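Structure record follows, encoded as C-alpha cells.
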Amino acid sequence: MWNERYAVDEYVYGSEPNLFLVEHAGMLSGPVLSLAEGEGRNGVFLASLGLKVHGVDGSDVGLAKAQALARSKGVEIQTEVADLGVFEPEANHYGSVISISAHLPSVIRQKLYPFVERCLKPGGIIVLEAYSEAQLIRNTGGPKDLDMLMTKAKIEREFPNCDPILLRELEREICEGTYHTGIASVVQFIGRKKA
C-alpha cells in the first residue's frame, strides 16, 4: 500500500518537516532514529541541522524519494527498508528517536516500543506526534482504525521508561501534503529516557 501511495512524482505528505518536530528539534541529539520516515521530509530537515539521521520505513519507494530529497537539499541521511513489526534497533545507540505519524497497530507497538526505549542512550529524547482517537470522526488524515490512533494513556503505558517532558492531546491545523490537511486531533509527546 505504501509503495503504491509513494509511487507518484509529488511528495504526498509534502517536503517540509512536521511543525511539532521543527518546534522541538533543538532538544535532539544524534544519531537520530526516525521511525516510518517515508519520503524523507523530517529526516532531511534534521540532517540540515547537522544531525546524523537513520530513517527506517517499510517502503523502498518512499525511501528512494527520501534520498532524492536529501540530495536536492545537499545533505545525507542513512535509510533502511525495515518491517517495524520485527525491527530491533541497536541498544543504547541513539541520542533521539522521532515518530511522526507512525501509526502502528498495538500488537506492533507492544513489540517495537520497548526496543525504542532500549535503543536510546540514557537521557535520550523521543519526539512523537500521532493522530489521536478523536481524529476518527475527521476526514483530515490518519488511519480509520481506533487501535492505530493514540491517546495520552496509551503513551504513558507504552513508554514506561521515559519521563514525559510534554504530553498533550490537542487540535491543530495540519498542512502536510495531500493526505494530512485541515484541523486535526493529535497527541504530542516528548519523553526523556530515565537514566
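To be explicit about the labels: the chains of the C-alpha cells are called A, B, and onward in the order shown, and within each one the residues are counted from 1, while ligands get numbers from 1 in the order they are shown.
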How close does each residue of segment 73-164 of chain A get to segment 181-195 of chain A, giving the shortest atom pair and distance in Å to one decimal for every residue with an atom at most 8 Å away, counting only C-alpha atoms, sorted by chain and residue number, as a tab-separated table?
residue	atom	partner	partner_atom	distance
A:Glu117	CA	A:Lys193	CA	6.8
A:Leu120	CA	A:Lys193	CA	6.9
A:Lys121	CA	A:Lys193	CA	7.4
A:Pro122	CA	A:Ala195	CA	4.7
A:Gly123	CA	A:Lys193	CA	4.8
A:Gly124	CA	A:Lys193	CA	5.3
A:Ile125	CA	A:Arg192	CA	4.6
A:Ile126	CA	A:Gly191	CA	5.2
A:Val127	CA	A:Ile190	CA	4.7
A:Leu128	CA	A:Phe189	CA	5.1
A:Glu129	CA	A:Gln188	CA	4.6
A:Ala130	CA	A:Val187	CA	5.4
A:Tyr131	CA	A:Val186	CA	4.2
A:Ser132	CA	A:Val186	CA	4.7
A:Glu133	CA	A:Ser185	CA	7.8
A:Ala134	CA	A:Ser185	CA	5.9
A:Gln135	CA	A:Ser185	CA	5.0
A:Arg138	CA	A:Ala184	CA	7.3
A:Thr140	CA	A:Thr181	CA	5.3
A:Gly141	CA	A:Thr181	CA	6.7
A:Met150	CA	A:Val187	CA	6.5
A:Thr151	CA	A:Val187	CA	6.3
A:Lys152	CA	A:Val187	CA	6.8
A:Ile155	CA	A:Phe189	CA	7.7
A:Asn161	CA	A:Lys194	CA	5.8
A:Cys162	CA	A:Lys193	CA	4.3
A:Asp163	CA	A:Arg192	CA	5.2
A:Pro164	CA	A:Gly191	CA	4.4
| request: Just the strand (DSSP E or B) stuff from chain A, please, per backbone DSSP, written as a PyMOL selection string. | output: chain A and resi 32-35+53-57+78-81+94-100+120-132+150+162-176+180-193
Could you write out that same residue set with C-alpha atoms as a CSV table (one decimal), in the first residue's frame?
chain,number,residue,atom,x,y,z
A,32,VAL,CA,18.6,10.2,15.4
A,33,LEU,CA,16.4,7.2,14.6
A,34,SER,CA,13.3,8.2,12.5
A,35,LEU,CA,10.5,5.7,12.5
A,53,VAL,CA,19.9,10.5,10.8
A,54,HIS,CA,18.9,6.9,10.3
A,55,GLY,CA,15.4,6.7,8.7
A,56,VAL,CA,13.6,3.4,8.6
A,57,ASP,CA,10.4,2.6,6.7
A,78,GLN,CA,21.0,6.9,6.1
A,79,THR,CA,17.9,4.9,5.2
A,80,GLU,CA,16.9,1.3,5.8
A,81,VAL,CA,13.9,-0.6,4.5
A,94,TYR,CA,20.6,6.8,19.6
A,95,GLY,CA,20.5,10.2,21.2
A,96,SER,CA,17.0,10.7,19.9
A,97,VAL,CA,14.1,8.9,18.2
A,98,ILE,CA,11.4,10.6,16.3
A,99,SER,CA,8.0,9.1,15.5
A,100,ILE,CA,5.9,11.4,13.3
A,120,LEU,CA,18.0,5.4,23.4
A,121,LYS,CA,21.1,6.4,25.3
A,122,PRO,CA,20.4,7.3,28.9
A,123,GLY,CA,18.8,10.7,28.9
A,124,GLY,CA,17.9,10.4,25.2
A,125,ILE,CA,14.8,12.0,23.8
A,126,ILE,CA,11.8,10.7,21.9
A,127,VAL,CA,9.6,13.1,20.0
A,128,LEU,CA,6.3,11.7,18.9
A,129,GLU,CA,3.2,13.2,17.2
A,130,ALA,CA,0.3,11.0,16.1
A,131,TYR,CA,-3.3,11.4,15.4
A,132,SER,CA,-5.5,10.8,18.5
A,150,MET,CA,-3.1,7.3,20.1
A,162,CYS,CA,10.6,7.6,29.6
A,163,ASP,CA,9.8,10.6,31.8
A,164,PRO,CA,7.3,12.9,30.0
A,165,ILE,CA,8.6,16.4,29.3
A,166,LEU,CA,5.5,17.2,27.3
A,167,LEU,CA,2.4,15.0,26.8
A,168,ARG,CA,-0.8,16.5,25.5
A,169,GLU,CA,-3.8,16.0,23.2
A,170,LEU,CA,-4.9,19.0,21.2
A,171,GLU,CA,-6.4,20.1,17.9
A,172,ARG,CA,-4.2,21.9,15.4
A,173,GLU,CA,-4.1,22.9,11.8
A,174,ILE,CA,-2.0,20.5,9.7
A,175,CYS,CA,-0.9,21.2,6.2
A,176,GLU,CA,1.3,18.3,5.1
A,180,HIS,CA,-2.7,15.4,6.1
A,181,THR,CA,-4.6,18.7,5.6
A,182,GLY,CA,-7.0,20.5,7.9
A,183,ILE,CA,-7.9,20.7,11.6
A,184,ALA,CA,-6.7,17.5,13.2
A,185,SER,CA,-6.8,15.9,16.7
A,186,VAL,CA,-3.3,14.9,17.7
A,187,VAL,CA,-1.2,13.5,20.6
A,188,GLN,CA,2.2,15.1,21.1
A,189,PHE,CA,4.8,13.5,23.3
A,190,ILE,CA,8.4,14.4,24.3
A,191,GLY,CA,9.9,11.9,26.6
A,192,ARG,CA,13.4,11.5,28.2
A,193,LYS,CA,14.8,8.1,28.8
| task | Just the residues within 12 Å of Ala7 of chain A, please, counting only C-alpha atoms, with nothing from its chain fewer than 5 positions along; format it as a VMD selection string. | result | chain A and resid 1 to 2 12 38 to 39 59 to 65
Pull N, CA and C atoms from the residues just selected and write them as a short mmCIF file (atom, residue, chain, number, x, y, z; two decimals), in the first residue's frame.
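Contents of part00.cif, as written:
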data_model
loop_
_atom_site.label_atom_id
_atom_site.label_comp_id
_atom_site.auth_asym_id
_atom_site.auth_seq_id
_atom_site.Cartn_x
_atom_site.Cartn_y
_atom_site.Cartn_z
N MET A 1 0.82 -1.20 0.00
CA MET A 1 0.00 0.00 0.00
C MET A 1 0.86 1.26 0.00
N TRP A 2 1.94 1.27 0.82
CA TRP A 2 2.78 2.47 0.91
C TRP A 2 3.58 2.68 -0.36
N VAL A 12 3.76 13.17 -1.25
CA VAL A 12 2.35 13.12 -0.87
C VAL A 12 2.09 13.71 0.53
N GLY A 38 9.27 7.46 5.64
CA GLY A 38 8.52 7.77 4.41
C GLY A 38 9.38 8.46 3.37
N GLU A 39 8.92 9.62 2.90
CA GLU A 39 9.58 10.31 1.79
C GLU A 39 10.69 11.25 2.25
N SER A 59 8.71 1.08 3.11
CA SER A 59 8.57 1.36 1.67
C SER A 59 9.90 1.74 1.04
N ASP A 60 10.40 0.91 0.13
CA ASP A 60 11.61 1.26 -0.59
C ASP A 60 11.36 2.43 -1.54
N VAL A 61 10.13 2.57 -2.04
CA VAL A 61 9.79 3.68 -2.92
C VAL A 61 9.85 5.00 -2.15
N GLY A 62 9.28 5.01 -0.95
CA GLY A 62 9.34 6.20 -0.12
C GLY A 62 10.77 6.59 0.22
N LEU A 63 11.58 5.60 0.58
CA LEU A 63 12.96 5.91 0.98
C LEU A 63 13.81 6.34 -0.22
N ALA A 64 13.50 5.87 -1.41
CA ALA A 64 14.20 6.36 -2.59
C ALA A 64 13.90 7.85 -2.79
N LYS A 65 12.65 8.24 -2.54
CA LYS A 65 12.31 9.66 -2.62
C LYS A 65 12.99 10.44 -1.50
#
| request: Kindly indicate which residue among A:Pro160, A:Pro143, A:Pro89, A:Gly74 lies nearest to Gln110 of chain A, using only C-alpha atoms for the distances. | output: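 Ranking A:Pro160, A:Pro143, A:Pro89, A:Gly74 by distance to Gln110 of chain A, first place goes to A:Pro160.
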